[in-house]
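Text of the file my_file35.tsv, holding TSV, N, CA and C atoms:
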```
chain	number	residue	atom	x	y	z
A	1	MET	N	-73.60	11.24	-73.85
A	1	MET	CA	-74.39	12.42	-73.61
A	1	MET	C	-73.98	13.09	-72.30
A	2	SER	N	-73.65	12.28	-71.32
A	2	SER	CA	-73.20	12.85	-70.04
A	2	SER	C	-71.97	13.72	-70.24
A	3	HIS	N	-71.05	13.27	-71.09
A	3	HIS	CA	-69.82	14.03	-71.36
A	3	HIS	C	-70.16	15.39	-71.97
A	4	ILE	N	-71.10	15.41	-72.89
A	4	ILE	CA	-71.52	16.66	-73.53
A	4	ILE	C	-72.09	17.61	-72.48
A	5	ILE	N	-72.94	17.10	-71.63
A	5	ILE	CA	-73.57	17.94	-70.61
A	5	ILE	C	-72.56	18.38	-69.55
A	6	ASP	N	-71.77	17.43	-69.05
A	6	ASP	CA	-70.80	17.75	-68.00
A	6	ASP	C	-69.79	18.80	-68.45
A	7	ASN	N	-69.42	18.77	-69.73
A	7	ASN	CA	-68.42	19.69	-70.26
A	7	ASN	C	-69.03	20.86	-71.02
A	8	LYS	N	-70.35	20.96	-70.99
A	8	LYS	CA	-71.08	22.07	-71.62
A	8	LYS	C	-70.66	22.27	-73.08
A	9	ILE	N	-70.64	21.17	-73.82
A	9	ILE	CA	-70.23	21.21	-75.23
A	9	ILE	C	-71.43	21.62	-76.08
A	10	GLN	N	-71.30	22.75	-76.71
A	10	GLN	CA	-72.40	23.34	-77.47
A	10	GLN	C	-72.36	22.92	-78.94
A	11	ASN	N	-73.51	22.83	-79.58
A	11	ASN	CA	-73.66	22.61	-81.02
A	11	ASN	C	-73.09	21.28	-81.50
A	12	VAL	N	-73.31	20.23	-80.76
A	12	VAL	CA	-72.88	18.90	-81.19
A	12	VAL	C	-73.82	18.43	-82.30
A	13	VAL	N	-73.24	17.88	-83.37
A	13	VAL	CA	-74.03	17.34	-84.47
A	13	VAL	C	-73.59	15.90	-84.70
A	14	PHE	N	-74.54	15.00	-84.59
A	14	PHE	CA	-74.29	13.58	-84.86
A	14	PHE	C	-74.65	13.31	-86.31
A	15	LEU	N	-73.71	12.76	-87.06
A	15	LEU	CA	-73.95	12.38	-88.45
A	15	LEU	C	-74.02	10.86	-88.54
A	16	SER	N	-75.07	10.35	-89.17
A	16	SER	CA	-75.21	8.90	-89.29
A	16	SER	C	-75.92	8.56	-90.59
A	17	GLY	N	-75.98	7.28	-90.88
A	17	GLY	CA	-76.67	6.79	-92.07
A	17	GLY	C	-77.65	5.70	-91.70
A	18	ASP	N	-78.67	5.56	-92.52
A	18	ASP	CA	-79.69	4.54	-92.31
A	18	ASP	C	-80.25	4.17	-93.67
A	19	VAL	N	-80.39	2.90	-93.95
A	19	VAL	CA	-80.91	2.49	-95.26
A	19	VAL	C	-82.39	2.79	-95.41
A	20	HIS	N	-83.09	3.06	-94.33
A	20	HIS	CA	-84.54	3.21	-94.38
A	20	HIS	C	-85.02	4.62	-94.70
A	21	CYS	N	-84.36	5.63	-94.13
A	21	CYS	CA	-84.84	7.00	-94.37
A	21	CYS	C	-83.79	8.02	-93.94
A	22	SER	N	-84.01	9.24	-94.40
A	22	SER	CA	-83.23	10.39	-93.96
A	22	SER	C	-84.12	11.26	-93.09
A	23	ASN	N	-83.52	11.93	-92.14
A	23	ASN	CA	-84.25	12.88	-91.31
A	23	ASN	C	-83.27	13.69	-90.48
A	24	VAL	N	-83.78	14.72	-89.83
A	24	VAL	CA	-82.99	15.49	-88.87
A	24	VAL	C	-83.75	15.50	-87.55
A	25	ALA	N	-83.01	15.67	-86.47
A	25	ALA	CA	-83.65	15.73	-85.15
A	25	ALA	C	-82.96	16.79	-84.31
A	26	LYS	N	-83.77	17.57	-83.63
A	26	LYS	CA	-83.25	18.53	-82.65
A	26	LYS	C	-83.24	17.82	-81.31
A	27	ILE	N	-82.09	17.87	-80.63
A	27	ILE	CA	-81.93	17.21	-79.33
A	27	ILE	C	-81.92	18.29	-78.25
A	28	THR	N	-82.73	18.09	-77.21
A	28	THR	CA	-82.78	19.03	-76.10
A	28	THR	C	-82.52	18.30	-74.79
A	29	PHE	N	-81.98	19.03	-73.84
A	29	PHE	CA	-81.67	18.48	-72.53
A	29	PHE	C	-82.44	19.25	-71.46
A	30	SER	N	-82.74	18.59	-70.36
A	30	SER	CA	-83.44	19.24	-69.25
A	30	SER	C	-82.90	18.69	-67.94
A	31	GLY	N	-83.21	19.38	-66.86
A	31	GLY	CA	-82.81	18.92	-65.54
A	31	GLY	C	-81.81	19.82	-64.85
A	32	SER	N	-81.18	20.71	-65.61
A	32	SER	CA	-80.29	21.70	-65.02
A	32	SER	C	-80.24	22.91	-65.95
A	33	GLU	N	-79.88	24.04	-65.38
A	33	GLU	CA	-79.80	25.27	-66.18
A	33	GLU	C	-78.77	25.12	-67.29
A	34	ASP	N	-77.61	24.52	-66.98
A	34	ASP	CA	-76.57	24.33	-67.99
A	34	ASP	C	-77.04	23.40	-69.11
A	35	ALA	N	-77.70	22.32	-68.75
A	35	ALA	CA	-78.17	21.35	-69.74
A	35	ALA	C	-79.17	21.99	-70.69
A	36	GLU	N	-80.05	22.82	-70.15
A	36	GLU	CA	-81.10	23.44	-70.96
A	36	GLU	C	-80.55	24.45	-71.96
A	37	LYS	N	-79.34	24.95	-71.75
A	37	LYS	CA	-78.72	25.91	-72.67
A	37	LYS	C	-78.10	25.23	-73.89
A	38	LEU	N	-77.88	23.93	-73.83
A	38	LEU	CA	-77.17	23.22	-74.90
A	38	LEU	C	-78.08	22.93	-76.08
A	39	LYS	N	-77.46	23.02	-77.28
A	39	LYS	CA	-78.15	22.64	-78.51
A	39	LYS	C	-77.37	21.49	-79.14
A	40	ALA	N	-78.11	20.52	-79.65
A	40	ALA	CA	-77.50	19.40	-80.37
A	40	ALA	C	-78.48	18.93	-81.44
A	41	TYR	N	-77.93	18.29	-82.46
A	41	TYR	CA	-78.74	17.80	-83.57
A	41	TYR	C	-78.25	16.43	-84.01
A	42	SER	N	-79.14	15.71	-84.66
A	42	SER	CA	-78.79	14.45	-85.32
A	42	SER	C	-79.22	14.58	-86.78
A	43	ILE	N	-78.30	14.26	-87.68
A	43	ILE	CA	-78.58	14.25	-89.11
A	43	ILE	C	-78.38	12.83	-89.60
A	44	THR	N	-79.42	12.24	-90.17
A	44	THR	CA	-79.34	10.88	-90.68
A	44	THR	C	-79.56	10.91	-92.19
A	45	SER	N	-78.59	10.38	-92.93
A	45	SER	CA	-78.70	10.31	-94.38
A	45	SER	C	-79.07	8.90	-94.79
A	46	SER	N	-79.88	8.78	-95.81
A	46	SER	CA	-80.34	7.48	-96.29
A	46	SER	C	-79.32	6.87	-97.24
A	47	ALA	N	-79.55	5.62	-97.55
A	47	ALA	CA	-78.75	4.96	-98.58
A	47	ALA	C	-79.09	5.58	-99.93
A	48	PHE	N	-78.09	5.68	-100.80
A	48	PHE	CA	-78.35	6.22	-102.13
A	48	PHE	C	-79.18	5.25	-102.96
A	49	TYR	N	-79.06	3.99	-102.63
A	49	TYR	CA	-79.87	2.98	-103.31
A	49	TYR	C	-80.25	1.91	-102.30
A	50	TRP	N	-81.52	1.67	-102.14
A	50	TRP	CA	-82.03	0.65	-101.23
A	50	TRP	C	-83.17	-0.07	-101.94
A	51	PRO	N	-82.92	-1.31	-102.41
A	51	PRO	CA	-83.93	-2.00	-103.22
A	51	PRO	C	-85.07	-2.61	-102.43
A	52	PHE	N	-85.00	-2.61	-101.12
A	52	PHE	CA	-86.01	-3.29	-100.30
A	52	PHE	C	-86.95	-2.28	-99.63
A	53	TRP	N	-87.50	-1.36	-100.41
A	53	TRP	CA	-88.38	-0.30	-99.90
A	53	TRP	C	-89.54	-0.85	-99.08
A	54	PHE	N	-89.99	-2.06	-99.41
A	54	PHE	CA	-91.14	-2.67	-98.73
A	54	PHE	C	-90.83	-3.03	-97.28
A	55	ALA	N	-89.55	-3.03	-96.91
A	55	ALA	CA	-89.15	-3.39	-95.55
A	55	ALA	C	-88.84	-2.16	-94.69
A	56	ASP	N	-89.11	-0.98	-95.20
A	56	ASP	CA	-88.70	0.25	-94.54
A	56	ASP	C	-89.55	0.68	-93.35
A	57	GLY	N	-90.77	0.29	-93.31
A	57	GLY	CA	-91.66	0.84	-92.28
A	57	GLY	C	-92.21	2.17	-92.75
A	58	GLU	N	-93.09	2.71	-91.98
A	58	GLU	CA	-93.76	3.96	-92.35
A	58	GLU	C	-93.29	5.08	-91.42
A	59	PRO	N	-92.69	6.16	-91.99
A	59	PRO	CA	-92.19	7.25	-91.14
A	59	PRO	C	-93.23	7.83	-90.19
A	60	SER	N	-94.50	7.77	-90.56
A	60	SER	CA	-95.52	8.31	-89.65
A	60	SER	C	-95.63	7.47	-88.37
A	61	ASN	N	-95.09	6.26	-88.40
A	61	ASN	CA	-95.09	5.40	-87.21
A	61	ASN	C	-93.84	5.59	-86.35
A	62	PHE	N	-92.84	6.31	-86.85
A	62	PHE	CA	-91.62	6.55	-86.09
A	62	PHE	C	-91.90	7.58	-85.00
A	63	VAL	N	-91.06	7.59	-83.98
A	63	VAL	CA	-91.20	8.59	-82.92
A	63	VAL	C	-90.72	9.94	-83.47
A	64	HIS	N	-91.59	10.93	-83.43
A	64	HIS	CA	-91.25	12.26	-83.93
A	64	HIS	C	-90.99	13.25	-82.81
A	65	ASP	N	-91.64	13.06	-81.69
A	65	ASP	CA	-91.47	13.96	-80.55
A	65	ASP	C	-91.42	13.10	-79.28
A	66	SER	N	-90.21	12.94	-78.74
A	66	SER	CA	-90.04	12.01	-77.62
A	66	SER	C	-90.81	12.43	-76.38
A	67	LYS	N	-90.98	13.73	-76.15
A	67	LYS	CA	-91.76	14.17	-74.99
A	67	LYS	C	-93.23	13.78	-75.15
A	68	GLN	N	-93.78	14.05	-76.32
A	68	GLN	CA	-95.18	13.72	-76.57
A	68	GLN	C	-95.45	12.22	-76.49
A	69	GLN	N	-94.47	11.44	-76.93
A	69	GLN	CA	-94.67	9.99	-77.02
A	69	GLN	C	-94.01	9.22	-75.87
A	70	ASN	N	-93.71	9.93	-74.79
A	70	ASN	CA	-93.12	9.31	-73.59
A	70	ASN	C	-91.89	8.46	-73.91
A	71	ASP	N	-90.97	9.03	-74.69
A	71	ASP	CA	-89.74	8.34	-75.07
A	71	ASP	C	-88.52	9.15	-74.62
A	72	THR	N	-88.63	9.82	-73.47
A	72	THR	CA	-87.55	10.61	-72.90
A	72	THR	C	-86.44	9.69	-72.41
A	73	PHE	N	-85.19	10.11	-72.61
A	73	PHE	CA	-84.04	9.34	-72.16
A	73	PHE	C	-83.46	9.96	-70.89
A	74	VAL	N	-83.21	9.14	-69.88
A	74	VAL	CA	-82.56	9.60	-68.65
A	74	VAL	C	-81.06	9.49	-68.87
A	75	ILE	N	-80.34	10.58	-68.63
A	75	ILE	CA	-78.91	10.63	-68.92
A	75	ILE	C	-78.04	10.27	-67.72
A	76	ASP	N	-78.42	10.70	-66.54
A	76	ASP	CA	-77.57	10.45	-65.36
A	76	ASP	C	-78.21	9.42	-64.43
A	77	ASN	N	-77.40	8.88	-63.55
A	77	ASN	CA	-77.88	7.84	-62.63
A	77	ASN	C	-78.92	8.36	-61.64
A	78	ALA	N	-78.87	9.64	-61.33
A	78	ALA	CA	-79.82	10.21	-60.38
A	78	ALA	C	-81.19	10.46	-61.03
A	79	GLY	N	-81.25	10.37	-62.34
A	79	GLY	CA	-82.51	10.58	-63.04
A	79	GLY	C	-82.89	12.04	-63.20
A	80	LYS	N	-81.93	12.93	-62.95
A	80	LYS	CA	-82.21	14.36	-63.00
A	80	LYS	C	-82.09	14.91	-64.43
A	81	ILE	N	-81.02	14.55	-65.12
A	81	ILE	CA	-80.76	15.07	-66.47
A	81	ILE	C	-81.42	14.17	-67.50
A	82	LYS	N	-82.19	14.80	-68.40
A	82	LYS	CA	-82.93	14.03	-69.40
A	82	LYS	C	-82.69	14.60	-70.79
A	83	MET	N	-82.90	13.74	-71.79
A	83	MET	CA	-82.75	14.14	-73.18
A	83	MET	C	-84.03	13.81	-73.93
A	84	ASP	N	-84.46	14.75	-74.76
A	84	ASP	CA	-85.58	14.54	-75.66
A	84	ASP	C	-85.17	14.95	-77.05
A	85	TYR	N	-85.98	14.57	-78.02
A	85	TYR	CA	-85.69	14.95	-79.39
A	85	TYR	C	-86.99	15.17	-80.16
A	86	THR	N	-86.87	15.99	-81.19
A	86	THR	CA	-87.96	16.19	-82.13
A	86	THR	C	-87.39	15.90	-83.51
A	87	ALA	N	-87.89	14.85	-84.15
A	87	ALA	CA	-87.42	14.44	-85.47
A	87	ALA	C	-88.35	14.99	-86.54
A	88	MET	N	-87.77	15.35	-87.69
A	88	MET	CA	-88.56	15.97	-88.75
A	88	MET	C	-87.95	15.71	-90.12
A	89	ASN	N	-88.69	16.09	-91.14
A	89	ASN	CA	-88.25	16.04	-92.53
A	89	ASN	C	-87.79	14.65	-92.95
A	90	PHE	N	-88.61	13.66	-92.65
A	90	PHE	CA	-88.32	12.29	-93.06
A	90	PHE	C	-88.52	12.14	-94.57
A	91	THR	N	-87.66	11.38	-95.22
A	91	THR	CA	-87.89	10.95	-96.59
A	91	THR	C	-87.33	9.54	-96.75
A	92	GLN	N	-88.07	8.73	-97.48
A	92	GLN	CA	-87.62	7.36	-97.75
A	92	GLN	C	-87.15	7.19	-99.19
A	93	LYS	N	-87.14	8.27	-99.94
A	93	LYS	CA	-86.65	8.19	-101.32
A	93	LYS	C	-85.15	7.96	-101.30
A	94	ASP	N	-84.63	7.28	-102.33
A	94	ASP	CA	-83.18	7.11	-102.45
A	94	ASP	C	-82.56	8.50	-102.49
A	95	ASN	N	-81.57	8.74	-101.63
A	95	ASN	CA	-81.00	10.08	-101.56
A	95	ASN	C	-79.65	10.08	-100.88
A	96	PHE	N	-79.02	11.22	-100.93
A	96	PHE	CA	-77.87	11.51	-100.08
A	96	PHE	C	-78.12	12.87	-99.46
A	97	CYS	N	-77.44	13.17	-98.37
A	97	CYS	CA	-77.61	14.46	-97.71
A	97	CYS	C	-76.38	15.32	-97.92
A	98	GLN	N	-76.61	16.57	-98.24
A	98	GLN	CA	-75.56	17.56	-98.32
A	98	GLN	C	-75.71	18.46	-97.10
A	99	VAL	N	-74.62	18.64	-96.37
A	99	VAL	CA	-74.64	19.42	-95.14
A	99	VAL	C	-73.73	20.63	-95.32
A	100	ASP	N	-74.30	21.82	-95.18
A	100	ASP	CA	-73.53	23.06	-95.28
A	100	ASP	C	-73.57	23.77	-93.94
A	101	VAL	N	-72.39	24.06	-93.41
A	101	VAL	CA	-72.28	24.76	-92.13
A	101	VAL	C	-71.99	26.23	-92.41
A	102	ASP	N	-72.84	27.10	-91.91
A	102	ASP	CA	-72.73	28.54	-92.08
A	102	ASP	C	-72.45	29.16	-90.71
A	103	LEU	N	-71.17	29.18	-90.33
A	103	LEU	CA	-70.80	29.68	-88.99
A	103	LEU	C	-71.12	31.15	-88.78
A	104	PRO	N	-70.87	32.04	-89.78
A	104	PRO	CA	-71.19	33.45	-89.54
A	104	PRO	C	-72.67	33.69	-89.19
A	105	ASN	N	-73.56	32.84	-89.72
A	105	ASN	CA	-74.99	32.98	-89.44
A	105	ASN	C	-75.51	31.96	-88.44
A	106	ASN	N	-74.60	31.21	-87.83
A	106	ASN	CA	-74.96	30.22	-86.80
A	106	ASN	C	-76.04	29.25	-87.25
A	107	ARG	N	-75.83	28.61	-88.40
A	107	ARG	CA	-76.83	27.65	-88.86
A	107	ARG	C	-76.20	26.56	-89.72
A	108	ILE	N	-76.94	25.48	-89.81
A	108	ILE	CA	-76.57	24.36	-90.67
A	108	ILE	C	-77.75	24.10	-91.59
A	109	GLU	N	-77.45	23.96	-92.88
A	109	GLU	CA	-78.49	23.61	-93.84
A	109	GLU	C	-78.26	22.17	-94.28
A	110	VAL	N	-79.30	21.37	-94.20
A	110	VAL	CA	-79.23	19.96	-94.60
A	110	VAL	C	-80.19	19.78	-95.76
A	111	ARG	N	-79.67	19.26	-96.87
A	111	ARG	CA	-80.51	19.00	-98.03
A	111	ARG	C	-80.44	17.53	-98.40
A	112	ALA	N	-81.59	16.90	-98.51
A	112	ALA	CA	-81.68	15.53	-99.03
A	112	ALA	C	-81.88	15.67	-100.54
A	113	ILE	N	-81.01	15.01	-101.30
A	113	ILE	CA	-80.99	15.16	-102.75
A	113	ILE	C	-81.17	13.79	-103.39
A	114	ASP	N	-82.02	13.72	-104.41
A	114	ASP	CA	-82.30	12.43	-105.05
A	114	ASP	C	-81.22	12.06	-106.07
A	115	GLN	N	-81.40	10.93	-106.72
A	115	GLN	CA	-80.40	10.41	-107.67
A	115	GLN	C	-80.20	11.31	-108.88
A	116	LYS	N	-81.17	12.15	-109.17
A	116	LYS	CA	-81.07	13.05	-110.32
A	116	LYS	C	-80.58	14.44	-109.92
A	117	GLY	N	-80.23	14.60	-108.66
A	117	GLY	CA	-79.72	15.87	-108.17
A	117	GLY	C	-80.79	16.86	-107.75
A	118	LYS	N	-82.03	16.40	-107.66
A	118	LYS	CA	-83.13	17.29	-107.27
A	118	LYS	C	-83.33	17.27	-105.76
A	119	LEU	N	-83.65	18.43	-105.23
A	119	LEU	CA	-83.90	18.59	-103.81
A	119	LEU	C	-85.18	17.86	-103.42
A	120	ILE	N	-85.09	17.03	-102.37
A	120	ILE	CA	-86.27	16.35	-101.84
A	120	ILE	C	-86.82	17.14	-100.66
A	121	VAL	N	-85.94	17.45	-99.72
A	121	VAL	CA	-86.35	18.19	-98.52
A	121	VAL	C	-85.15	18.96	-97.98
A	122	LYS	N	-85.42	20.13	-97.39
A	122	LYS	CA	-84.35	20.96	-96.83
A	122	LYS	C	-84.68	21.28	-95.38
A	123	SER	N	-83.67	21.25	-94.53
A	123	SER	CA	-83.82	21.58	-93.12
A	123	SER	C	-82.81	22.65	-92.75
A	124	MET	N	-83.25	23.64	-91.97
A	124	MET	CA	-82.37	24.66	-91.42
A	124	MET	C	-82.26	24.44	-89.93
A	125	LEU	N	-81.04	24.25	-89.45
A	125	LEU	CA	-80.80	24.00	-88.04
A	125	LEU	C	-80.08	25.22	-87.46
A	126	LYS	N	-80.66	25.82	-86.45
A	126	LYS	CA	-80.09	27.03	-85.83
A	126	LYS	C	-79.13	26.63	-84.72
A	127	LEU	N	-77.90	27.11	-84.81
A	127	LEU	CA	-76.89	26.84	-83.79
A	127	LEU	C	-76.99	27.87	-82.67
A	128	ALA	N	-76.38	27.55	-81.54
A	128	ALA	CA	-76.38	28.47	-80.40
A	128	ALA	C	-75.40	29.60	-80.63
```
Mind converting the file's structure to structure tokens?
Amino acid sequence: MSHIIDNKIQNVVFLSGDVHCSNVAKITFSGSEDAEKLKAYSITSSAFYWPFWFADGEPSNFVHDSKQQNDTFVIDNAGKIKMDYTAMNFTQKDNFCQVDVDLPNNRIEVRAIDQKGKLIVKSMLKLA
């Protein structure tokens, strides 16, 4: 994260997978004017098949807003630069995520799709 902030890298998107759920998160930085201008996102896609649904936990118990829940991350040694996130659009249904990048309109559309090809949830992420 320090590298992103130090080099003012805009519109970073982290793609990952998790057997428990899919979701998206908006990442924000604070502590300097440059850091506050940056936009970043995390997109997590679920397993297409996960037979142990009973071990998943409940999305309502996950951290959804790190500022509200005192889960802010300190990025630098001086404690000045911080990172927070807001997570949304959780689903625990078996799915995969389709990610479409629309550069002319500065946005990313993320769709969680079930095994039958039906849309579960859609997220629109606005780029800088």
What does the structure give for the distance between atom N of Glu36 (chain A) and CA of Val99 (chain A), in Å to one decimal?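 Rounded to one decimal, the two atoms are 25.8 Å apart.
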May I have the residues within 8 Å of Ala47 (chain A) as a PDB file with N, CA and C atoms, in the frame of the given file, using only N, CA and C atoms and disregarding those fewer than 3 positions away in the same chain?
```
ATOM      1  N   GLY A  17     -75.980   7.280 -90.880  1.00  0.00           N
ATOM      2  CA  GLY A  17     -76.670   6.790 -92.070  1.00  0.00           C
ATOM      3  C   GLY A  17     -77.650   5.700 -91.700  1.00  0.00           C
ATOM      4  N   ASP A  18     -78.670   5.560 -92.520  1.00  0.00           N
ATOM      5  CA  ASP A  18     -79.690   4.540 -92.310  1.00  0.00           C
ATOM      6  C   ASP A  18     -80.250   4.170 -93.670  1.00  0.00           C
ATOM      7  N   VAL A  19     -80.390   2.900 -93.950  1.00  0.00           N
ATOM      8  CA  VAL A  19     -80.910   2.490 -95.260  1.00  0.00           C
ATOM      9  C   VAL A  19     -82.390   2.790 -95.410  1.00  0.00           C
ATOM     10  N   HIS A  20     -83.090   3.060 -94.330  1.00  0.00           N
ATOM     11  CA  HIS A  20     -84.540   3.210 -94.380  1.00  0.00           C
ATOM     12  C   HIS A  20     -85.020   4.620 -94.700  1.00  0.00           C
ATOM     13  N   CYS A  21     -84.360   5.630 -94.130  1.00  0.00           N
ATOM     14  CA  CYS A  21     -84.840   7.000 -94.370  1.00  0.00           C
ATOM     15  C   CYS A  21     -83.790   8.020 -93.940  1.00  0.00           C
ATOM     16  N   SER A  22     -84.010   9.240 -94.400  1.00  0.00           N
ATOM     17  CA  SER A  22     -83.230  10.390 -93.960  1.00  0.00           C
ATOM     18  C   SER A  22     -84.120  11.260 -93.090  1.00  0.00           C
ATOM     19  N   THR A  44     -79.420  12.240 -90.170  1.00  0.00           N
ATOM     20  CA  THR A  44     -79.340  10.880 -90.680  1.00  0.00           C
ATOM     21  C   THR A  44     -79.560  10.910 -92.190  1.00  0.00           C
ATOM     22  N   TRP A  50     -81.520   1.670-102.140  1.00  0.00           N
ATOM     23  CA  TRP A  50     -82.030   0.650-101.230  1.00  0.00           C
ATOM     24  C   TRP A  50     -83.170  -0.070-101.940  1.00  0.00           C
ATOM     25  N   GLN A  92     -88.070   8.730 -97.480  1.00  0.00           N
ATOM     26  CA  GLN A  92     -87.620   7.360 -97.750  1.00  0.00           C
ATOM     27  C   GLN A  92     -87.150   7.190 -99.190  1.00  0.00           C
ATOM     28  N   LYS A  93     -87.140   8.270 -99.940  1.00  0.00           N
ATOM     29  CA  LYS A  93     -86.650   8.190-101.320  1.00  0.00           C
ATOM     30  C   LYS A  93     -85.150   7.960-101.300  1.00  0.00           C
ATOM     31  N   ASP A  94     -84.630   7.280-102.330  1.00  0.00           N
ATOM     32  CA  ASP A  94     -83.180   7.110-102.450  1.00  0.00           C
ATOM     33  C   ASP A  94     -82.560   8.500-102.490  1.00  0.00           C
ATOM     34  N   ASN A  95     -81.570   8.740-101.630  1.00  0.00           N
ATOM     35  CA  ASN A  95     -81.000  10.080-101.560  1.00  0.00           C
ATOM     36  C   ASN A  95     -79.650  10.080-100.880  1.00  0.00           C
ATOM     37  N   PHE A  96     -79.020  11.220-100.930  1.00  0.00           N
ATOM     38  CA  PHE A  96     -77.870  11.510-100.080  1.00  0.00           C
ATOM     39  C   PHE A  96     -78.120  12.870 -99.460  1.00  0.00           C
ATOM     40  N   CYS A  97     -77.440  13.170 -98.370  1.00  0.00           N
ATOM     41  CA  CYS A  97     -77.610  14.460 -97.710  1.00  0.00           C
ATOM     42  C   CYS A  97     -76.380  15.320 -97.920  1.00  0.00           C
TER      43      CYS A  97
END
```
Could you check which of A:Ala25, A:Asp100, A:Asn106, A:Ser123 is closest to Gln10 (chain A), using only C-alpha atoms? A:Asn106
Quick one: residues within 7 Å of region 62-74 of chain A, all atoms listed in the file counted, chain neighbours fewer than 2 positions away excluded, as a PyMOL selection string? chain A and resi 58-60+76-77+79-88
Closest of A:Pro104, A:Leu38, A:Asn89, A:Asn23 to Ile9 (chain A) - atom-to-atom distances counting all atoms listed in the file: A:Leu38
What does the structure give for the distance between atom N of Asp34 (chain A) and CA of Ile108 (chain A), in Å to one decimal?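 Value for the atom N of Asp34 (chain A)-CA of Ile108 (chain A) distance: 23.7 Å.
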Please indicate the distance in Å from atom C of Gly31 (chain A) to CA of Ala128 (chain A), rounded to one decimal place.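 Taking atom C of Gly31 (chain A) as the start and CA of Ala128 (chain A) as the end point, the length is 18.6 Å.
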Write out as a PyMOL selection string all residues of region 43-127 of chain A that backbone DSSP assigns to helix (DSSP H, G or I). chain A and resi 53-55+59-61+103-105
Among listed residues A:Ala35, A:Ser45, A:Thr91, A:Lys126, nearest Arg107 (chain A) (using all atoms listed in the file): A:Lys126
Using the chain letters and numbers from this document, which residues of region 19-122 of chain A does DSSP assign to strand (DSSP E), as an NGL selection string? :A and (22-30 or 40-46 or 73-74 or 82-91 or 96-102 or 107-113 or 119-122)
